[in-house]
Amino acid sequence: MRCLICGKFSFGSVCKVCQDSISLNPRMRELESGFRVYSFYEYSSNSMLFLSKYQPIGSKIYKILSKKAIFYLRDNLEFSLECYGVGIDEDVKKGYAQNSIFLKELQRIGIKPLYNALEARNKVTYAGKDLKFRLKNPRNFKVNRSLKDKRVILVDDIITTGTTLKEAKVAVQNNGGEVICAFTLADAKE
């Protein structure tokens with residue numbers, strides 16, 4: 001098999017050299033008072049990897065990115081993870097949902113996944129759109145599972161403006177859940 005990134009022969013989807021070359025760049029962004037979003041990669045440096053979500057091979061790339069983030073979290077997290085993970089609109093495209101891959105990997109550090117708990121009723125794509133467009137076209141989340149009295153970490157692949165995560169936080173809170181923070185694989189803010 002050939003490495004999906006460099007094309008050299010590899011036993012896995014991505015060779016060890018390419019996996020090791022994907023650099024973590026952990027950061028924290030506070031969207032509003034007390035609502036923190038932890039990200040693990042800089043989007044601009046890894047955009048090719050994140051754009052793979054539009055292709056079938058993206059599931060393999062997202063699994064590698066998620067595993068690297070989990071190893072970092074396991075060694076560096078400073079708060080309890082006795083909570084539930086809720087993915088932002090785990091809509092299956094190209095045979096997989098990228099946020100579900102991240103949720104599944106988070107089980108390794110004790111976060112219990114609640115799959116398909118939040119569903120966007122507005123399926124418009126935000127890719128490449130500005131804040132004005134995002135505010136004019138909210139996701140209008142529907143809560144599919146009870147979140148009452150649950151401590152929740154929101155999970156998404158990329159944070160750009162933060163509007164989706166803020167809207168998801170309100171939906172969880174309106175359903176009786178407590179949002180602890182959010183994890184995203186990448187932060188697109190420069």
# chains A, B, ... in the order shown; residues from 1 in each chain; ligands from 1
>>> select_by_dssp(residues="range 49-95 of chain A", states="helix (DSSP H, G or I)", output="VMD selection string")
chain A and resid 49 to 54 58 to 76
>>> write_last_selection(atoms="N, CA, C and O atoms", output="mmCIF file, in the first residue's frame")
data_model
loop_
_atom_site.group_PDB
_atom_site.id
_atom_site.type_symbol
_atom_site.label_atom_id
_atom_site.label_comp_id
_atom_site.auth_asym_id
_atom_site.auth_seq_id
_atom_site.Cartn_x
_atom_site.Cartn_y
_atom_site.Cartn_z
ATOM 1 N N LEU A 49 -4.773 17.992 5.163
ATOM 2 C CA LEU A 49 -5.265 16.873 5.967
ATOM 3 C C LEU A 49 -6.730 17.076 6.333
ATOM 4 O O LEU A 49 -7.534 16.147 6.265
ATOM 5 N N PHE A 50 -7.086 18.289 6.732
ATOM 6 C CA PHE A 50 -8.463 18.544 7.149
ATOM 7 C C PHE A 50 -9.432 18.577 5.970
ATOM 8 O O PHE A 50 -10.593 18.213 6.113
ATOM 9 N N LEU A 51 -8.957 18.974 4.829
ATOM 10 C CA LEU A 51 -9.810 18.953 3.638
ATOM 11 C C LEU A 51 -10.078 17.531 3.154
ATOM 12 O O LEU A 51 -10.988 17.307 2.357
ATOM 13 N N SER A 52 -9.325 16.580 3.669
ATOM 14 C CA SER A 52 -9.558 15.177 3.296
ATOM 15 C C SER A 52 -10.909 14.680 3.794
ATOM 16 O O SER A 52 -11.377 13.636 3.347
ATOM 17 N N LYS A 53 -11.554 15.432 4.690
ATOM 18 C CA LYS A 53 -12.871 15.002 5.182
ATOM 19 C C LYS A 53 -13.903 14.935 4.059
ATOM 20 O O LYS A 53 -14.924 14.279 4.194
ATOM 21 N N TYR A 54 -13.614 15.581 2.948
ATOM 22 C CA TYR A 54 -14.523 15.539 1.806
ATOM 23 C C TYR A 54 -14.263 14.342 0.892
ATOM 24 O O TYR A 54 -14.901 14.204 -0.139
ATOM 25 N N GLY A 58 -10.480 10.418 4.061
ATOM 26 C CA GLY A 58 -10.503 11.290 5.231
ATOM 27 C C GLY A 58 -10.705 10.549 6.537
ATOM 28 O O GLY A 58 -10.193 10.958 7.583
ATOM 29 N N SER A 59 -11.436 9.435 6.502
ATOM 30 C CA SER A 59 -11.666 8.682 7.744
ATOM 31 C C SER A 59 -10.344 8.187 8.321
ATOM 32 O O SER A 59 -10.139 8.208 9.534
ATOM 33 N N LYS A 60 -9.424 7.773 7.464
ATOM 34 C CA LYS A 60 -8.118 7.302 7.933
ATOM 35 C C LYS A 60 -7.276 8.458 8.462
ATOM 36 O O LYS A 60 -6.624 8.350 9.499
ATOM 37 N N ILE A 61 -7.314 9.582 7.772
ATOM 38 C CA ILE A 61 -6.573 10.766 8.205
ATOM 39 C C ILE A 61 -7.123 11.271 9.540
ATOM 40 O O ILE A 61 -6.362 11.569 10.464
ATOM 41 N N TYR A 62 -8.449 11.354 9.648
ATOM 42 C CA TYR A 62 -9.056 11.856 10.893
ATOM 43 C C TYR A 62 -8.759 10.937 12.075
ATOM 44 O O TYR A 62 -8.617 11.401 13.205
ATOM 45 N N LYS A 63 -8.650 9.649 11.838
ATOM 46 C CA LYS A 63 -8.307 8.725 12.917
ATOM 47 C C LYS A 63 -6.880 8.983 13.408
ATOM 48 O O LYS A 63 -6.624 9.021 14.612
ATOM 49 N N ILE A 64 -5.962 9.214 12.495
ATOM 50 C CA ILE A 64 -4.577 9.519 12.869
ATOM 51 C C ILE A 64 -4.508 10.829 13.641
ATOM 52 O O ILE A 64 -3.867 10.911 14.692
ATOM 53 N N LEU A 65 -5.187 11.869 13.137
ATOM 54 C CA LEU A 65 -5.189 13.170 13.819
ATOM 55 C C LEU A 65 -5.807 13.057 15.213
ATOM 56 O O LEU A 65 -5.292 13.631 16.181
ATOM 57 N N SER A 66 -6.887 12.297 15.318
ATOM 58 C CA SER A 66 -7.568 12.126 16.607
ATOM 59 C C SER A 66 -6.681 11.388 17.606
ATOM 60 O O SER A 66 -6.596 11.777 18.772
ATOM 61 N N LYS A 67 -6.022 10.336 17.163
ATOM 62 C CA LYS A 67 -5.147 9.568 18.062
ATOM 63 C C LYS A 67 -4.014 10.428 18.599
ATOM 64 O O LYS A 67 -3.690 10.368 19.781
ATOM 65 N N LYS A 68 -3.401 11.227 17.735
ATOM 66 C CA LYS A 68 -2.313 12.101 18.193
ATOM 67 C C LYS A 68 -2.831 13.098 19.236
ATOM 68 O O LYS A 68 -2.154 13.374 20.223
ATOM 69 N N ALA A 69 -4.025 13.626 19.015
ATOM 70 C CA ALA A 69 -4.617 14.563 19.983
ATOM 71 C C ALA A 69 -4.890 13.868 21.322
ATOM 72 O O ALA A 69 -4.651 14.440 22.386
ATOM 73 N N ILE A 70 -5.347 12.625 21.283
ATOM 74 C CA ILE A 70 -5.641 11.872 22.505
ATOM 75 C C ILE A 70 -4.366 11.625 23.293
ATOM 76 O O ILE A 70 -4.348 11.760 24.518
ATOM 77 N N PHE A 71 -3.288 11.253 22.621
ATOM 78 C CA PHE A 71 -2.014 11.038 23.328
ATOM 79 C C PHE A 71 -1.582 12.319 24.025
ATOM 80 O O PHE A 71 -1.095 12.291 25.155
ATOM 81 N N TYR A 72 -1.754 13.444 23.353
ATOM 82 C CA TYR A 72 -1.420 14.728 23.979
ATOM 83 C C TYR A 72 -2.307 14.978 25.201
ATOM 84 O O TYR A 72 -1.823 15.344 26.266
ATOM 85 N N LEU A 73 -3.612 14.790 25.037
ATOM 86 C CA LEU A 73 -4.543 15.021 26.148
ATOM 87 C C LEU A 73 -4.218 14.140 27.349
ATOM 88 O O LEU A 73 -4.239 14.595 28.484
ATOM 89 N N ARG A 74 -3.944 12.889 27.089
ATOM 90 C CA ARG A 74 -3.674 11.947 28.174
ATOM 91 C C ARG A 74 -2.498 12.426 29.028
ATOM 92 O O ARG A 74 -2.499 12.275 30.242
ATOM 93 N N ASP A 75 -1.510 13.032 28.396
ATOM 94 C CA ASP A 75 -0.319 13.477 29.119
ATOM 95 C C ASP A 75 -0.418 14.884 29.693
ATOM 96 O O ASP A 75 0.360 15.245 30.573
ATOM 97 N N ASN A 76 -1.345 15.700 29.208
ATOM 98 C CA ASN A 76 -1.317 17.123 29.557
ATOM 99 C C ASN A 76 -2.598 17.700 30.144
ATOM 100 O O ASN A 76 -2.591 18.854 30.567
#
>>> residues_around(residues="Asn175 in chain A", least_positions_apart="4", cutoff="9 Å", atoms="only C-alpha atoms", output="MDAnalysis selection string")
chainID A and resid 143 146:149 170:171
>>> write_last_selection(atoms="all heavy atoms", output="PDB file, in the first residue's frame")
ATOM      1  N   VAL A 143     -31.835  18.589  19.665  1.00  0.00           N
ATOM      2  CA  VAL A 143     -31.220  17.666  20.615  1.00  0.00           C
ATOM      3  C   VAL A 143     -31.956  16.333  20.519  1.00  0.00           C
ATOM      4  O   VAL A 143     -33.158  16.261  20.746  1.00  0.00           O
ATOM      5  CB  VAL A 143     -31.265  18.236  22.055  1.00  0.00           C
ATOM      6  CG1 VAL A 143     -30.645  17.257  23.036  1.00  0.00           C
ATOM      7  CG2 VAL A 143     -30.556  19.584  22.110  1.00  0.00           C
ATOM      8  N   SER A 146     -31.371  12.878  25.641  1.00  0.00           N
ATOM      9  CA  SER A 146     -31.461  13.662  26.862  1.00  0.00           C
ATOM     10  C   SER A 146     -30.069  14.011  27.375  1.00  0.00           C
ATOM     11  O   SER A 146     -29.204  13.144  27.501  1.00  0.00           O
ATOM     12  CB  SER A 146     -32.214  12.886  27.949  1.00  0.00           C
ATOM     13  OG  SER A 146     -32.169  13.626  29.161  1.00  0.00           O
ATOM     14  N   LEU A 147     -29.866  15.256  27.656  1.00  0.00           N
ATOM     15  CA  LEU A 147     -28.599  15.730  28.205  1.00  0.00           C
ATOM     16  C   LEU A 147     -28.776  16.253  29.625  1.00  0.00           C
ATOM     17  O   LEU A 147     -27.858  16.818  30.200  1.00  0.00           O
ATOM     18  CB  LEU A 147     -28.015  16.816  27.295  1.00  0.00           C
ATOM     19  CG  LEU A 147     -27.749  16.378  25.851  1.00  0.00           C
ATOM     20  CD1 LEU A 147     -27.314  17.557  25.002  1.00  0.00           C
ATOM     21  CD2 LEU A 147     -26.732  15.261  25.795  1.00  0.00           C
ATOM     22  N   LYS A 148     -29.965  16.051  30.174  1.00  0.00           N
ATOM     23  CA  LYS A 148     -30.302  16.551  31.513  1.00  0.00           C
ATOM     24  C   LYS A 148     -29.308  16.033  32.547  1.00  0.00           C
ATOM     25  O   LYS A 148     -29.026  14.843  32.628  1.00  0.00           O
ATOM     26  CB  LYS A 148     -31.715  16.118  31.889  1.00  0.00           C
ATOM     27  CG  LYS A 148     -32.224  16.717  33.184  1.00  0.00           C
ATOM     28  CD  LYS A 148     -33.693  16.397  33.344  1.00  0.00           C
ATOM     29  CE  LYS A 148     -34.299  16.770  34.642  1.00  0.00           C
ATOM     30  NZ  LYS A 148     -33.978  17.990  35.244  1.00  0.00           N
ATOM     31  N   ASP A 149     -28.751  16.967  33.299  1.00  0.00           N
ATOM     32  CA  ASP A 149     -27.803  16.692  34.380  1.00  0.00           C
ATOM     33  C   ASP A 149     -26.514  16.017  33.915  1.00  0.00           C
ATOM     34  O   ASP A 149     -25.821  15.385  34.706  1.00  0.00           O
ATOM     35  CB  ASP A 149     -28.458  15.844  35.484  1.00  0.00           C
ATOM     36  CG  ASP A 149     -29.655  16.541  36.104  1.00  0.00           C
ATOM     37  OD1 ASP A 149     -29.610  17.781  36.250  1.00  0.00           O
ATOM     38  OD2 ASP A 149     -30.636  15.850  36.433  1.00  0.00           O
ATOM     39  N   VAL A 170     -25.587  26.483  23.795  1.00  0.00           N
ATOM     40  CA  VAL A 170     -26.928  26.926  24.203  1.00  0.00           C
ATOM     41  C   VAL A 170     -27.934  25.775  24.085  1.00  0.00           C
ATOM     42  O   VAL A 170     -28.762  25.564  24.977  1.00  0.00           O
ATOM     43  CB  VAL A 170     -27.380  28.152  23.367  1.00  0.00           C
ATOM     44  CG1 VAL A 170     -28.845  28.458  23.582  1.00  0.00           C
ATOM     45  CG2 VAL A 170     -26.520  29.363  23.693  1.00  0.00           C
ATOM     46  N   ALA A 171     -27.836  24.998  23.008  1.00  0.00           N
ATOM     47  CA  ALA A 171     -28.761  23.870  22.811  1.00  0.00           C
ATOM     48  C   ALA A 171     -28.603  22.836  23.927  1.00  0.00           C
ATOM     49  O   ALA A 171     -29.594  22.318  24.456  1.00  0.00           O
ATOM     50  CB  ALA A 171     -28.531  23.218  21.449  1.00  0.00           C
TER      51      ALA A 171
END
>>> atom_distance(atom1="CA of Leu103 in chain A", atom2="CA of Thr184 in chain A")
10.6 Å
>>> residues_around(residues="Leu154 in chain A", least_positions_apart="5", cutoff="7 Å", atoms="only C-alpha atoms", output="number ranges by chain")
A: 85-88, 181-183
>>> closest_residue(among="A:Asn137, A:Tyr43, A:Ile5, A:Arg27", to="Arg121 in chain A", atoms="only C-alpha atoms")
A:Asn137
>>> closest_residue(among="A:Ile159, A:Leu185, A:Leu77, A:Met28", to="Gln98 in chain A", atoms="only C-alpha atoms")
A:Leu185
>>> residues_around(residues="Asn140 in chain A", least_positions_apart="2", cutoff="12 Å", atoms="only C-alpha atoms", output="JSON, numbers by chain")
{"A": [88, 89, 118, 119, 120, 121, 122, 123, 124, 134, 135, 136, 137, 138, 142, 143, 163, 164, 165, 166, 167, 168, 169, 170, 171]}
>>> closest_residue(among="A:Lys104, A:Arg29, A:Lys189, A:Lys112", to="Leu81 in chain A", atoms="only C-alpha atoms")
A:Lys112
>>> residues_around(residues="Glu32 in chain A", least_positions_apart="4", cutoff="10 Å", atoms="only C-alpha atoms", output="ChimeraX atom specification")
/A:36-37,162,166
>>> closest_residue(among="A:Gln107, A:Asn174, A:Gly34, A:Met48", to="Leu4 in chain A", atoms="only C-alpha atoms")
A:Met48
